[in-house]
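Next comes model.txt, with compact mmCIF, C-alpha atoms and all ligand atoms.
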```
# COMPACT_ATOMS: atom_id res chain seq x y z
CA MET A 210 -17.44 -194.49 116.75
CA GLU A 211 -16.86 -195.98 113.28
CA LYS A 212 -15.72 -193.62 110.59
CA ILE A 213 -18.14 -192.77 107.80
CA LYS A 214 -16.70 -194.25 104.61
CA VAL A 215 -16.81 -191.76 101.78
CA GLY A 216 -16.97 -192.99 98.19
CA ILE A 217 -16.21 -190.43 95.49
CA LEU A 218 -17.77 -190.51 92.01
CA GLY A 219 -15.41 -189.00 89.41
CA ALA A 220 -11.65 -188.64 89.76
CA GLY A 221 -11.51 -184.99 88.75
CA ASN A 222 -10.39 -181.69 90.21
CA ILE A 223 -12.64 -181.23 93.23
CA ALA A 224 -12.57 -184.93 94.11
CA VAL A 225 -8.96 -184.46 95.24
CA ARG A 226 -9.95 -181.85 97.80
CA MET A 227 -12.74 -184.02 99.18
CA ALA A 228 -10.45 -187.06 99.43
CA LYS A 229 -7.92 -185.01 101.40
CA THR A 230 -10.60 -183.63 103.69
CA ALA A 231 -12.21 -187.01 104.33
CA ASN A 232 -8.82 -188.41 105.36
CA LEU A 233 -8.10 -185.42 107.61
CA LEU A 234 -11.20 -185.68 109.75
CA GLU A 235 -11.67 -188.07 112.65
CA GLU A 236 -15.24 -188.78 111.57
CA THR A 237 -14.54 -189.84 107.97
CA GLU A 238 -12.19 -191.69 105.66
CA ALA A 239 -11.71 -191.41 101.91
CA TYR A 240 -12.60 -195.04 101.35
CA ALA A 241 -13.29 -195.40 97.62
CA ILE A 242 -12.85 -193.62 94.31
CA ALA A 243 -14.74 -194.47 91.13
CA SER A 244 -13.71 -193.41 87.67
CA ARG A 245 -14.74 -194.46 84.19
CA SER A 246 -11.15 -195.67 83.91
CA GLN A 247 -9.67 -198.25 86.28
CA GLU A 248 -6.18 -196.86 85.64
CA LYS A 249 -7.26 -193.34 86.54
CA ALA A 250 -9.03 -194.58 89.67
CA GLU A 251 -5.91 -196.44 90.79
CA ALA A 252 -3.66 -193.45 90.20
CA PHE A 253 -6.08 -191.24 92.14
CA ALA A 254 -6.27 -193.75 94.99
CA ALA A 255 -2.48 -194.01 95.23
CA GLU A 256 -1.99 -190.24 95.18
CA ASN A 257 -4.73 -189.43 97.65
CA GLY A 258 -4.62 -192.29 100.12
CA VAL A 259 -7.91 -193.86 99.05
CA LYS A 260 -8.40 -197.54 99.92
CA ARG A 261 -10.49 -198.86 97.03
CA ALA A 262 -10.31 -197.93 93.34
CA TYR A 263 -13.18 -198.77 91.02
CA GLY A 264 -13.16 -198.58 87.22
CA SER A 265 -16.89 -197.92 87.01
CA TYR A 266 -19.36 -195.88 89.03
CA GLU A 267 -21.73 -198.87 89.33
CA ALA A 268 -19.00 -201.00 90.89
CA MET A 269 -18.44 -198.48 93.68
CA LEU A 270 -22.16 -198.21 94.37
CA ASN A 271 -22.24 -202.00 94.74
CA ASP A 272 -19.65 -201.87 97.53
CA PRO A 273 -21.67 -202.39 100.73
CA ASP A 274 -19.05 -200.59 102.81
CA VAL A 275 -19.51 -197.20 101.13
CA ASP A 276 -21.67 -195.04 103.44
CA LEU A 277 -21.66 -191.63 101.80
CA VAL A 278 -21.34 -190.96 98.07
CA TYR A 279 -19.82 -187.63 97.06
CA VAL A 280 -20.94 -186.76 93.52
CA ALA A 281 -18.05 -184.87 91.90
CA LEU A 282 -19.24 -185.08 88.29
CA PRO A 283 -20.30 -182.50 85.67
CA HIS A 284 -23.72 -180.98 86.48
CA SER A 285 -25.35 -183.09 83.77
CA HIS A 286 -24.52 -186.24 85.73
CA HIS A 287 -25.55 -185.27 89.28
CA TYR A 288 -29.17 -186.37 88.97
CA ALA A 289 -28.60 -189.79 87.40
CA TRP A 290 -25.73 -190.78 89.70
CA GLY A 291 -27.25 -189.19 92.78
CA LYS A 292 -30.36 -191.26 92.11
CA ALA A 293 -28.35 -194.44 91.49
CA ALA A 294 -26.51 -193.89 94.78
CA LEU A 295 -29.75 -193.39 96.73
CA LEU A 296 -31.25 -196.49 95.11
CA ALA A 297 -28.13 -198.38 96.20
CA GLY A 298 -28.91 -197.29 99.77
CA LYS A 299 -26.13 -194.69 100.07
CA HIS A 300 -26.27 -191.24 101.60
CA VAL A 301 -25.49 -188.55 99.01
CA LEU A 302 -23.52 -185.32 99.06
CA ALA A 303 -23.65 -183.80 95.56
CA GLU A 304 -21.52 -180.91 94.36
CA LYS A 305 -23.06 -177.61 93.33
CA ALA A 306 -25.02 -176.91 91.24
CA PHE A 307 -26.99 -179.72 92.87
CA THR A 308 -28.71 -180.79 89.62
CA GLU A 309 -29.53 -179.26 86.24
CA ASN A 310 -32.92 -178.00 87.37
CA GLY A 311 -35.42 -177.89 90.21
CA LYS A 312 -37.39 -180.88 88.94
CA GLN A 313 -34.38 -183.18 89.23
CA ALA A 314 -33.53 -181.81 92.66
CA ARG A 315 -37.10 -182.38 93.91
CA GLU A 316 -36.97 -185.97 92.71
CA LEU A 317 -33.70 -186.69 94.49
CA PHE A 318 -34.91 -185.13 97.74
CA ALA A 319 -38.20 -187.06 97.57
CA LEU A 320 -36.30 -190.30 97.02
CA ALA A 321 -33.98 -189.55 99.94
CA GLU A 322 -36.97 -188.84 102.20
CA GLU A 323 -38.69 -192.02 101.07
CA ARG A 324 -35.60 -194.11 101.81
CA GLY A 325 -34.63 -192.25 104.97
CA LEU A 326 -31.22 -191.32 103.53
CA PHE A 327 -29.26 -188.10 103.84
CA CYS A 328 -29.05 -186.05 100.65
CA GLY A 329 -27.51 -182.59 100.45
CA GLU A 330 -25.84 -180.02 98.22
CA ALA A 331 -22.12 -179.51 98.83
CA MET A 332 -22.43 -175.71 98.92
CA TRP A 333 -19.41 -175.54 101.19
CA SER A 334 -19.59 -171.77 101.65
CA ARG A 335 -22.78 -172.27 103.71
CA PHE A 336 -20.98 -174.18 106.45
CA VAL A 337 -17.84 -172.13 107.06
CA PRO A 338 -17.61 -169.82 110.12
CA GLY A 339 -17.78 -166.71 107.88
CA ALA A 340 -21.26 -167.74 106.73
CA ASP A 341 -22.56 -167.23 110.26
CA VAL A 342 -21.40 -163.59 110.12
CA LEU A 343 -23.47 -163.01 106.97
CA ARG A 344 -26.40 -165.01 108.32
CA GLY A 345 -26.56 -162.72 111.35
CA LEU A 346 -25.87 -159.44 109.56
CA LYS A 347 -29.50 -158.32 109.19
CA GLU A 348 -30.28 -158.85 112.86
CA SER A 349 -26.96 -157.47 114.13
CA GLY A 350 -27.72 -153.94 112.89
CA LYS A 351 -23.98 -153.52 112.14
CA ILE A 352 -24.80 -151.73 108.87
CA GLY A 353 -28.25 -150.47 109.81
CA LYS A 354 -31.18 -151.82 107.84
CA VAL A 355 -29.96 -154.08 105.02
CA CYS A 356 -31.06 -152.67 101.62
CA SER A 357 -29.15 -154.45 98.91
CA VAL A 358 -26.49 -156.91 97.79
CA GLN A 359 -24.02 -156.44 94.95
CA VAL A 360 -21.77 -159.17 93.61
CA THR A 361 -19.24 -159.42 90.81
CA PHE A 362 -17.68 -162.84 90.48
CA GLY A 363 -15.98 -164.47 87.53
CA GLU A 364 -13.16 -166.60 86.22
CA ASN A 365 -11.86 -167.16 82.70
CA MET A 366 -12.96 -170.80 82.36
CA TRP A 367 -14.47 -170.91 78.91
CA HIS A 368 -11.77 -173.30 77.62
CA ILE A 369 -12.97 -176.00 80.08
CA GLU A 370 -15.34 -178.45 78.42
CA ARG A 371 -17.46 -178.90 81.53
CA ILE A 372 -18.21 -175.16 81.29
CA TRP A 373 -18.94 -174.68 77.54
CA ASN A 374 -20.60 -177.96 76.68
CA PRO A 375 -24.42 -177.96 76.91
CA HIS A 376 -24.38 -181.76 77.14
CA LEU A 377 -22.48 -181.42 80.45
CA ALA A 378 -24.97 -178.76 81.63
CA GLY A 379 -22.29 -176.10 81.40
CA GLY A 380 -22.60 -172.36 81.80
CA ALA A 381 -21.79 -169.50 84.14
CA LEU A 382 -25.07 -169.69 86.03
CA LEU A 383 -24.77 -173.25 87.28
CA ASP A 384 -21.06 -173.01 87.86
CA VAL A 385 -20.38 -169.60 89.42
CA GLY A 386 -23.81 -167.96 89.47
CA VAL A 387 -24.99 -170.45 92.03
CA TYR A 388 -22.46 -168.97 94.51
CA ALA A 389 -23.63 -165.41 93.86
CA LEU A 390 -27.27 -166.42 94.33
CA ALA A 391 -26.37 -168.34 97.49
CA PHE A 392 -24.51 -165.28 98.84
CA ALA A 393 -27.48 -162.98 98.16
CA SER A 394 -29.89 -165.48 99.63
CA LEU A 395 -27.76 -165.91 102.75
CA ALA A 396 -27.31 -162.19 103.37
CA LEU A 397 -30.88 -161.16 102.54
CA GLY A 398 -32.93 -164.17 103.67
CA GLY A 399 -36.67 -164.08 102.95
CA ASP A 400 -38.50 -164.81 99.74
CA VAL A 401 -37.79 -163.54 96.26
CA GLU A 402 -40.53 -161.49 94.62
CA LYS A 403 -39.05 -161.01 91.16
CA VAL A 404 -35.97 -161.90 89.12
CA GLU A 405 -34.79 -160.10 85.97
CA SER A 406 -31.74 -161.19 84.00
CA PHE A 407 -29.61 -160.87 80.88
CA LEU A 408 -27.67 -163.89 79.68
CA ASP A 409 -24.94 -163.79 77.06
CA LEU A 410 -25.30 -167.14 75.28
CA SER A 411 -22.64 -168.94 73.23
CA GLU A 412 -23.30 -170.38 69.77
CA LEU A 413 -24.14 -173.64 71.52
CA GLY A 414 -26.69 -171.86 73.70
CA VAL A 415 -24.70 -171.89 76.95
CA ASP A 416 -24.50 -168.78 79.14
CA ARG A 417 -21.06 -167.20 79.28
CA GLN A 418 -21.79 -164.18 81.45
CA ASP A 419 -24.95 -163.08 83.20
CA ALA A 420 -26.43 -160.04 84.88
CA ILE A 421 -29.14 -160.83 87.42
CA LEU A 422 -31.41 -158.52 89.38
CA MET A 423 -33.51 -159.81 92.26
CA LYS A 424 -36.13 -158.10 94.36
CA MET A 425 -37.04 -159.67 97.67
CA LYS A 426 -40.60 -159.57 99.01
CA SER A 427 -39.32 -157.52 101.93
CA GLY A 428 -37.94 -154.89 99.53
CA GLU A 429 -34.19 -155.58 99.32
CA ILE A 430 -32.58 -155.67 95.86
CA ALA A 431 -29.64 -157.76 94.64
CA SER A 432 -27.55 -157.02 91.58
CA LEU A 433 -25.23 -159.81 90.45
CA TYR A 434 -22.70 -160.04 87.62
CA ILE A 435 -21.11 -163.42 86.99
CA SER A 436 -18.81 -164.64 84.28
CA CYS A 437 -17.04 -167.69 82.91
CA LEU A 438 -15.38 -165.55 80.24
CA ALA A 439 -13.30 -163.14 82.28
CA LYS A 440 -11.57 -163.05 85.61
CA CYS A 441 -13.14 -160.18 87.47
CA PRO A 442 -12.52 -159.00 90.99
CA THR A 443 -14.57 -160.93 93.52
CA GLU A 444 -16.60 -158.24 95.21
CA CYS A 445 -19.46 -159.14 97.49
CA THR A 446 -21.10 -156.20 99.21
CA VAL A 447 -24.10 -155.97 101.48
CA ILE A 448 -25.32 -152.37 101.65
CA GLY A 449 -27.27 -151.02 104.59
CA THR A 450 -28.74 -147.70 105.70
CA ASP A 451 -25.71 -147.23 107.98
CA GLY A 452 -22.74 -148.71 106.14
CA LYS A 453 -21.78 -151.81 104.26
CA ALA A 454 -20.21 -155.22 104.69
CA PHE A 455 -17.64 -156.22 102.11
CA THR A 456 -15.70 -159.36 101.32
CA ASP A 457 -13.49 -160.27 98.37
CA ASN A 458 -13.71 -163.94 99.25
CA MET A 459 -16.71 -165.71 97.75
CA TRP A 460 -15.56 -169.10 99.03
CA ASP A 461 -15.25 -168.95 102.80
CA TYR A 462 -16.09 -165.30 103.65
CA GLY A 463 -13.02 -165.47 105.87
CA ASP A 464 -12.42 -161.72 105.86
CA ILE A 465 -15.43 -159.41 106.13
CA ARG A 466 -15.01 -155.65 106.54
CA ILE A 467 -17.73 -153.56 108.09
CA LEU A 468 -17.46 -150.03 106.71
CA ALA A 469 -19.19 -146.81 107.72
CA PRO A 470 -21.11 -144.87 105.02
CA ASP A 471 -18.00 -142.66 104.53
CA GLY A 472 -15.86 -145.73 103.85
CA THR A 473 -13.94 -145.85 107.12
CA GLU A 474 -13.49 -149.30 108.56
CA ARG A 475 -15.52 -150.00 111.69
CA GLU A 476 -14.72 -153.64 112.13
CA ARG A 477 -12.83 -156.42 110.43
CA ILE A 478 -14.21 -159.91 111.02
CA LEU A 479 -11.68 -162.65 110.36
CA SER A 480 -13.02 -166.20 110.31
CA PRO A 481 -10.21 -168.46 109.12
CA VAL A 482 -11.07 -172.04 108.18
CA GLU A 483 -9.47 -174.91 110.06
CA HIS A 484 -8.20 -176.93 107.09
CA ASN A 485 -9.38 -176.18 103.54
CA GLY A 486 -13.01 -175.22 104.21
CA PHE A 487 -14.58 -178.53 103.16
CA GLU A 488 -14.33 -179.87 106.71
CA TYR A 489 -17.43 -177.99 107.82
CA GLU A 490 -19.83 -179.38 105.21
CA LEU A 491 -18.41 -182.88 105.67
CA ARG A 492 -18.75 -182.77 109.47
CA ASP A 493 -22.31 -181.47 109.12
CA ALA A 494 -23.12 -184.28 106.68
CA VAL A 495 -21.76 -186.82 109.16
CA SER A 496 -23.80 -185.30 112.01
CA ALA A 497 -26.95 -185.39 109.90
CA ILE A 498 -26.33 -189.04 108.96
CA ARG A 499 -25.67 -190.03 112.59
CA GLU A 500 -28.80 -188.24 113.75
CA GLY A 501 -30.88 -189.95 111.03
CA LYS A 502 -31.64 -186.67 109.27
CA THR A 503 -32.25 -186.52 105.54
CA GLU A 504 -30.98 -182.96 105.06
CA PHE A 505 -28.47 -180.39 106.23
CA GLY A 506 -29.55 -177.80 108.78
CA LYS A 507 -27.52 -175.04 107.09
CA MET A 508 -28.31 -175.90 103.46
CA THR A 509 -31.80 -177.35 103.65
CA HIS A 510 -33.63 -179.02 100.77
CA LYS A 511 -35.86 -175.95 100.69
CA GLU A 512 -32.88 -173.63 100.23
CA THR A 513 -31.32 -175.73 97.46
CA LEU A 514 -34.70 -175.81 95.70
CA ARG A 515 -35.13 -172.07 96.10
CA ILE A 516 -31.84 -171.45 94.31
CA MET A 517 -32.46 -174.17 91.69
CA ASP A 518 -35.89 -172.65 90.96
CA MET A 519 -34.35 -169.19 90.56
CA MET A 520 -31.80 -170.60 88.11
CA ASP A 521 -34.61 -172.34 86.19
CA GLU A 522 -36.45 -169.05 85.92
CA ILE A 523 -33.33 -167.18 84.82
CA ARG A 524 -32.60 -169.76 82.11
CA ALA A 525 -36.23 -169.91 80.99
CA ARG A 526 -36.31 -166.13 80.49
CA ALA A 527 -33.35 -166.44 78.11
CA GLY A 528 -34.75 -169.53 76.40
CA MET A 529 -31.79 -171.57 77.61
CA THR A 530 -32.40 -175.30 78.02
CA TYR A 531 -30.07 -178.27 78.28
CA PRO A 532 -30.30 -180.99 75.63
CA ASP A 533 -31.91 -183.51 78.00
CA GLU A 534 -34.57 -181.10 79.31
N1 LIG B 601 -17.04 -176.82 95.76
C1 LIG B 601 -16.16 -176.25 94.96
O1 LIG B 601 -15.36 -175.40 95.36
C2 LIG B 601 -16.09 -176.69 93.54
C3 LIG B 601 -15.01 -176.32 92.75
C4 LIG B 601 -14.96 -176.81 91.45
C5 LIG B 601 -15.99 -177.59 90.96
N2 LIG B 601 -17.05 -177.89 91.76
C6 LIG B 601 -18.15 -178.74 91.27
O2 LIG B 601 -17.69 -180.09 91.28
C7 LIG B 601 -18.22 -180.79 90.17
C8 LIG B 601 -17.06 -181.35 89.36
O3 LIG B 601 -16.22 -180.29 88.98
P1 LIG B 601 -14.65 -180.52 88.71
O4 LIG B 601 -14.06 -179.19 88.56
O5 LIG B 601 -14.10 -181.47 89.69
O6 LIG B 601 -14.74 -181.20 87.26
P2 LIG B 601 -13.69 -182.16 86.56
O7 LIG B 601 -12.32 -181.91 87.04
O8 LIG B 601 -13.98 -182.06 85.10
O9 LIG B 601 -14.13 -183.59 87.09
C9 LIG B 601 -15.37 -184.14 86.78
C10 LIG B 601 -15.21 -185.65 86.65
O10 LIG B 601 -16.46 -186.17 86.20
C11 LIG B 601 -16.24 -187.37 85.50
N3 LIG B 601 -17.06 -187.42 84.29
C12 LIG B 601 -18.08 -188.28 84.06
N4 LIG B 601 -18.62 -188.09 82.87
C13 LIG B 601 -17.94 -187.10 82.29
C14 LIG B 601 -18.02 -186.48 81.02
N5 LIG B 601 -18.92 -186.84 80.10
N6 LIG B 601 -17.15 -185.49 80.76
C15 LIG B 601 -16.26 -185.09 81.68
N7 LIG B 601 -16.13 -185.66 82.91
C16 LIG B 601 -16.95 -186.66 83.20
C17 LIG B 601 -14.75 -187.45 85.21
O11 LIG B 601 -14.22 -188.42 86.09
P3 LIG B 601 -13.71 -189.85 85.61
O12 LIG B 601 -13.01 -189.61 84.29
O13 LIG B 601 -12.80 -190.23 86.68
O14 LIG B 601 -14.89 -190.75 85.45
C18 LIG B 601 -14.21 -186.10 85.58
O15 LIG B 601 -12.91 -186.16 86.08
C19 LIG B 601 -19.12 -179.80 89.44
O16 LIG B 601 -20.41 -179.94 89.92
C20 LIG B 601 -18.57 -178.44 89.85
O17 LIG B 601 -19.50 -177.39 89.80
C21 LIG B 601 -17.10 -177.48 93.03
```
Output the file's structure in the form of C-alpha cells.
Ligand SMILES: NC(=O)c1ccc[n+]([C@@H]2O[C@H](COP(=O)([O-])OP(=O)(O)OC[C@H]3O[C@@H](n4cnc5c(N)ncnc54)[C@H](OP(=O)(O)O)[C@@H]3O)[C@@H](O)[C@H]2O)c1
Amino acid sequence: MEKIKVGILGAGNIAVRMAKTANLLEETEAYAIASRSQEKAEAFAAENGVKRAYGSYEAMLNDPDVDLVYVALPHSHHYAWGKAALLAGKHVLAEKAFTENGKQARELFALAEERGLFCGEAMWSRFVPGADVLRGLKESGKIGKVCSVQVTFGENMWHIERIWNPHLAGGALLDVGVYALAFASLALGGDVEKVESFLDLSELGVDRQDAILMKMKSGEIASLYISCLAKCPTECTVIGTDGKAFTDNMWDYGDIRILAPDGTERERILSPVEHNGFEYELRDAVSAIREGKTEFGKMTHKETLRIMDMMDEIRARAGMTYPDE
C-alpha cells in the first residue's frame, strides 16, 4: 500500500517530532515541510529527512502529492490554515488546541464532512496505550466508584512569544489547560454540568495560570490547576471510593499507580510507548483516511468540541477574548 504523504505547516518545535514519526512508520513519510522562509524550510528538510521544502504555506498546499497536512502553527493560525488545507483537498491533523474557539472548530469539521476529508485534533495523549487504562478505569472498579479528578500541571513558558502574545492566541488554557481538561474528560466521561474558574490574566489579557472546577452531570468533580508561569509537579489523580489512580505523566500516561485508600500500592500499570508517542495518533489518522472516515474514533469531533466549548466558557467568564474574536 502507498505511504500517506505528510506535509507539515510550520518548521517549529513540534514539527520536528512529527517529521521523525512520519519517517519511522511504514504507513507514512514526511514528504514536505512549509515555512514562511525558504531557507528555514530547506534546513528543516535536510535535518529531518523531508523530501520537499516550500518557502510558503500556499505552495505546499498546491502540491498535489501531499495527502495529509499537519498544522504545527500557533493556535491563532490553526483555523485559517486548516481551512485552506481542506479547501485544497487535503486531510488535516491540527495540533492542540485545535482552534481558538468552538466556532472555528465547528466550521472546520463541517467543511471536512462536506468534502469527505479527515480532520482531527492531534491530542496525542488520547491514542497512547496508557489512555486505554484511564478510559476503562470507571468500569474496572479498580478504585471503587470514581468521585473526582485532581490535576496540577505547569511549565515556566511565559518567555515564549507563542504563549504570551494574544495575537498568537496564547495562554495557559489553550496550551496546557487543554491537556488537563482532556485528562479529566477521559477519566470521568459523561457530560459537564457546570464549570467555575479563576484566570490570572497578564497586562495583555492572556491567562498565565488558571484554576478550574468542573462538576459532571453524574456528580463527579474535577479540580485543575494549570500554569505557564511556573514549573509545578505533574500530578494527575483520579479518586474513587476505594482508592486512587495516580500518574505523574500527563503526556502518555505510561506509568499509572493504583493505590489503596491507605496509600499502599495495589498495582502499577506500565504502558510504554513504542517510539515517541506520536505514532499512535498518526497510525489512527492513516486508518481513518484509508477507511474514508472524517474523524478519529478516539478523539471524535464531538470530544474536541466539548473541550473547545469548555475553554470558551472558561475564557468568557474571565472576559478573555483574542483580538480576532
Ligand atoms: N503535541 C505536543 O506535545 C505539543 C507540544 C508543543 C506544542 N504543541 C502545539 O503545536 C503547535 C506549535 O507549537 P510549537 O511549540 O511547535 O511552536 P513553535 O516552535 O513556535 O512553531 C510554530 C511555527 O509556526 C510558524 N508560524 C507561523 N506564523 C507565526 C507567527 N506569527 N509567529 C510565530 N510562529 C509562526 C513558524 O514556522 P515558520 O517560521 O517555519 O513559518 C513557527 O516555527 C501549537 O498548537 C502547540 O500547542 C504540541
Ranking A:Ser480, A:Ser496, A:Ser244, A:Thr361 by minimum distance to Thr443 (chain A) and counting only C-alpha atoms, which one comes first?
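Comparing A:Ser480, A:Ser496, A:Ser244, A:Thr361 against Thr443 (chain A), the winner is A:Thr361.
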Computed interatomic separation between CA of Ile213 (chain A) and CA of Lys292 (chain A) (Å):
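For CA of Ile213 (chain A) relative to CA of Lys292 (chain A), the distance reads 19.9 Å.
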Please identify every polymer residue within 9 Å of ligand LIG 601 (chain B), using all atoms listed in the file, and present the set as a PyMOL selection string.
chain A and resi 218-226+242-247+249-250+253+264-266+280-287+303-308+331-334+369-372+376-377+379+383-385+460+487
For Gly350 (chain A), please output as a ChimeraX atom specification all residues within 10 Å (counting all atoms listed in the file; exclusion window: fewer than 2 positions along the same chain).
/A:345-348,352-355,449-452
Have a look at CA of Cys445 (chain A) and CA of His368 (chain A) and let me know their distance in Å, one decimal.
25.6 Å
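If you count all atoms listed in the file and ignore residues fewer than 5 places along the chain from Arg335 (chain A), what sits within 7 Å of it is Ala340, Lys507 and Met508 of chain A.
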Record the distance separating CA of Leu326 (chain A) and CA of Lys502 (chain A), expressed in Å with one decimal.
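Separation between CA of Leu326 (chain A) and CA of Lys502 (chain A): 7.4 Å.
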Mind checking which residues fall within 9 Å of Leu413 (chain A), counting only C-alpha atoms, ignoring those fewer than 5 positions away in the same chain, and posting them as a ChimeraX atom specification?
/A:373-375
Taking every listed atom of region 518-531 of chain A and adding 3 Å to each side, what centre and edge lengths in Å (one decimal) does the axis-aligned box have, as AutoDock Vina command-line options?
```
--center_x -33.3 --center_y -172.2 --center_z 83.7 --size_x 12.4 --size_y 18.1 --size_z 20.6
```
Of A:Met459, A:Ala420, A:Ala396, A:Ile516, the one nearest to Asp341 (chain A) when counting only C-alpha atoms is A:Ala396
Using only C-alpha atoms, can you tell me which of A:Gly380, A:Gly506, A:Gly329, A:Gly298 comes closest to Leu438 (chain A)?
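Going through A:Gly380, A:Gly506, A:Gly329, A:Gly298 one by one, the smallest distance to Leu438 (chain A) is for A:Gly380.
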With all atoms listed in the file as the counted atoms, please give the residues lying no more than 7 Å from Tyr279 (chain A), apart from itself and same-chain residues fewer than 5 positions off, as a PyMOL selection string.
chain A and resi 215-218+301-303
Select, from A:Glu316, A:Glu444, A:Asp457, A:Glu512, the residue with the minimum atom-to-atom distance to Ser394 (chain A), counting all atoms listed in the file.
A:Glu512
With only C-alpha atoms as the counted atoms, please give the residues lying no more than 9 Å from Leu433 (chain A), apart from itself and same-chain residues fewer than 3 positions off, as a CSV table (one decimal) with C-alpha atoms, keeping the file's coordinate frame.
```csv
chain,number,residue,atom,x,y,z
A,358,VAL,CA,-26.5,-156.9,97.8
A,359,GLN,CA,-24.0,-156.4,95.0
A,360,VAL,CA,-21.8,-159.2,93.6
A,361,THR,CA,-19.2,-159.4,90.8
A,362,PHE,CA,-17.7,-162.8,90.5
A,386,GLY,CA,-23.8,-168.0,89.5
A,389,ALA,CA,-23.6,-165.4,93.9
A,390,LEU,CA,-27.3,-166.4,94.3
A,393,ALA,CA,-27.5,-163.0,98.2
A,419,ASP,CA,-25.0,-163.1,83.2
A,420,ALA,CA,-26.4,-160.0,84.9
A,421,ILE,CA,-29.1,-160.8,87.4
A,422,LEU,CA,-31.4,-158.5,89.4
A,423,MET,CA,-33.5,-159.8,92.3
```
The residue from A:Ala252, A:Ile430, A:Tyr531, A:Val278 with the smallest atom-to-atom distance to Tyr240 (chain A), counting all atoms listed in the file, is A:Val278
Counting only C-alpha atoms, the residue of A:Ala297, A:Leu320, A:Leu408, A:Leu491 that sits nearest Phe336 (chain A)
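Looking only at the distances to Phe336 (chain A), the closest residue turns out to be A:Leu491.
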Step by step: start from the point (-13.1, -192.0, 105.6) in the file's coordinates, keep every protein, DNA or RNA residue that has an atom no farther than 7 Å from it, count all atoms listed in the file, and write the set as a list in words.
Lys212, Ile213, Lys214, Val215, Ala231, Asn232, Thr237, Glu238, Ala239 and Tyr240 of chain A
For the selection you just gave me, I'd like the residues written to a file as a short mmCIF file (atom, residue, chain, number, x, y, z; two decimals), in the coordinates of the input, keeping C-alpha atoms.
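The resulting file, out.cif, is reproduced below:
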```cif
data_model
loop_
_atom_site.label_atom_id
_atom_site.label_comp_id
_atom_site.auth_asym_id
_atom_site.auth_seq_id
_atom_site.Cartn_x
_atom_site.Cartn_y
_atom_site.Cartn_z
CA LYS A 212 -15.72 -193.62 110.59
CA ILE A 213 -18.14 -192.77 107.80
CA LYS A 214 -16.70 -194.25 104.61
CA VAL A 215 -16.81 -191.76 101.78
CA ALA A 231 -12.21 -187.01 104.33
CA ASN A 232 -8.82 -188.41 105.36
CA THR A 237 -14.54 -189.84 107.97
CA GLU A 238 -12.19 -191.69 105.66
CA ALA A 239 -11.71 -191.41 101.91
CA TYR A 240 -12.60 -195.04 101.35
#
```
